[in-house]
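Trainee: Structure below; questions to follow.
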Amino acid sequence: MALKIQPGPRFAERTTLRVGGRAQAEILLESPEDAALLGDELARHAGRPFVLGWGSNLLALDGDLDIAVVSLGQAGSPVRAGLSSDGRELVLAPGGLMLPKLLGWAAREGLSGMEGLAGIPGTVGGAVAMNAGSYGRETAELLDAVRVWDMSGGLRWIGPEQWLAGYRRFTPLGLDEPWLVLEARYALTQAAPEAVRAAMDDVLARKKATQPVSAATCGCVFKNPPGASAGKMLDELGFKGKALGGMRFSGMHANFLVNDGRGTAMAALELIDQASQAVLEHFGVELKLEVKVVQ
């Protein structure tokens with residue numbers, strides 16, 4: 001077991017929105033067992049620990065940040081892991097594995113259940129931590145168990161009775177911050193590979209038609225309020241395409257923030273504030289951030 005200590009990365013180079021300053025250091029776990037050494041290493045760093053996956057739902061502030069990034073290596077592949085108690089196919093995936101790679105493997109293996117997650121960037125661990133989802137499918141409902149680490153409890157497996165999950169929220173019970181998703185075990189169903197692939201392709205096509213999937217974006221900025229659409233409200237208020245200092249709300253979807261190549265975190269936060277204030281004043285709705293601000 002060994003941890004790899006690296007210079008702090010620039011968040012502009014490690015997030016999909018392409019903004020953000022530099023962290024103090026990066027602690028890389030090359031295998032789940034390396035987490036046993038993480039507590040002592042974090043104690044040696046003055047920076048606040050921050051777990052970084054693929055950076056697809058983050059808005060990091062500009063300048064130097066007093067953060068020690070913790071990240072997982074991308075080594076490893078998904079594997080079949082037997083059957084669940086209800087007869088579904090169990091699949092074990094490393095936390096650092098890219099979610100699109102897991103979905104591609106599931107399609108080839110003829111394993112159904114994850115089709116609604118097609119087109120979501122990020123790692124397996126990040127998808128669990130955010131309870132990522134789309135088109136009525138969420139990560140948590142597919143999970144059989146998750147291998148986690150935190151400072152007080154170390155490495156352990158937890159099951160559905162040991163977490164709370166909701167819209168873009170996954171909360172393990174009894175874990176201290178920071179905590180990591182080291183591995184995830186999914187329960188899927190057997191299906192024809194061509195049917196799984198066709199369903200994933202359909203989801204991707206729908207997203208490409210309505211979202212700026214190829215742009216430098218953090219994804220949705222605001223959570224949808226109960227019974228409403230943040231994007232629709234922003235669209236009605238004229239925020240689709242609204243720009244400031246190299247940042248803009250997408251012309252395809254008003255709830256997606258896009259970096260045109262010269263944007264800054266300051267400009268992004270100003271646009272977000274303008275949008276939330278406008279929705280509050282016009283609709284009386286206080287929008288909640290879906291994107292996580294790193295500061």
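Ligands are numbered from 1 in the order shown, chains are lettered A, B, ... in the order of the structure tokens, and residues start at 1 in each chain.
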Residues at most 12 Å from Lys101 of chain A, counting only C-alpha atoms, excluding those fewer than 6 positions away in the same chain, as a count of residues only?

Mentor: 18

Trainee: At a cut-off of 7 Å, using only C-alpha atoms, what residues contact segment 288-290 of chain A? Leave out same-chain residues fewer than 6 positions from it and give the result as number ranges by chain.

Mentor: A: 220-223

Trainee: Would you write out those residues with all heavy atoms, as a PDB file, in the first residue's frame?

Mentor:
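Result file follows (part-v4.pdb):
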ATOM      1  N   CYS A 220     -26.224  21.173 -14.523  1.00  0.00           N
ATOM      2  CA  CYS A 220     -27.275  22.037 -13.981  1.00  0.00           C
ATOM      3  C   CYS A 220     -26.755  22.834 -12.798  1.00  0.00           C
ATOM      4  O   CYS A 220     -26.128  22.280 -11.890  1.00  0.00           O
ATOM      5  CB  CYS A 220     -28.482  21.213 -13.560  1.00  0.00           C
ATOM      6  SG  CYS A 220     -29.459  20.586 -14.939  1.00  0.00           S
ATOM      7  N   VAL A 221     -27.050  24.129 -12.791  1.00  0.00           N
ATOM      8  CA  VAL A 221     -26.621  25.003 -11.694  1.00  0.00           C
ATOM      9  C   VAL A 221     -27.546  24.854 -10.497  1.00  0.00           C
ATOM     10  O   VAL A 221     -27.098  24.751  -9.356  1.00  0.00           O
ATOM     11  CB  VAL A 221     -26.598  26.468 -12.164  1.00  0.00           C
ATOM     12  CG1 VAL A 221     -26.294  27.399 -10.995  1.00  0.00           C
ATOM     13  CG2 VAL A 221     -25.570  26.650 -13.263  1.00  0.00           C
ATOM     14  N   PHE A 222     -28.851  24.843 -10.756  1.00  0.00           N
ATOM     15  CA  PHE A 222     -29.842  24.819  -9.679  1.00  0.00           C
ATOM     16  C   PHE A 222     -30.615  23.502  -9.675  1.00  0.00           C
ATOM     17  O   PHE A 222     -30.863  22.900 -10.727  1.00  0.00           O
ATOM     18  CB  PHE A 222     -30.844  25.970  -9.846  1.00  0.00           C
ATOM     19  CG  PHE A 222     -30.233  27.340  -9.815  1.00  0.00           C
ATOM     20  CD1 PHE A 222     -30.082  28.068 -10.981  1.00  0.00           C
ATOM     21  CD2 PHE A 222     -29.801  27.901  -8.621  1.00  0.00           C
ATOM     22  CE1 PHE A 222     -29.528  29.341 -10.961  1.00  0.00           C
ATOM     23  CE2 PHE A 222     -29.232  29.162  -8.586  1.00  0.00           C
ATOM     24  CZ  PHE A 222     -29.100  29.887  -9.757  1.00  0.00           C
ATOM     25  N   LYS A 223     -30.996  23.073  -8.495  1.00  0.00           N
ATOM     26  CA  LYS A 223     -31.898  21.941  -8.367  1.00  0.00           C
ATOM     27  C   LYS A 223     -33.299  22.373  -8.811  1.00  0.00           C
ATOM     28  O   LYS A 223     -33.675  23.542  -8.662  1.00  0.00           O
ATOM     29  CB  LYS A 223     -31.965  21.457  -6.918  1.00  0.00           C
ATOM     30  CG  LYS A 223     -30.651  20.925  -6.370  1.00  0.00           C
ATOM     31  CD  LYS A 223     -30.813  20.502  -4.920  1.00  0.00           C
ATOM     32  CE  LYS A 223     -29.517  19.958  -4.352  1.00  0.00           C
ATOM     33  NZ  LYS A 223     -29.652  19.532  -2.937  1.00  0.00           N
TER      34      LYS A 223
END

Trainee: Which polymer residues have any atom within 8 Å of an atom of segment 276-280 of chain A, counting only C-alpha atoms, with same-chain residues fewer than 6 positions away left out, as a count of residues only?

Mentor: 5

Trainee: What is the distance, in Å and to one decimal place, between atom CA of Gly55 of chain A and atom CA of Ala81 of chain A?

Mentor: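 These two atoms are separated by 28.5 Å.
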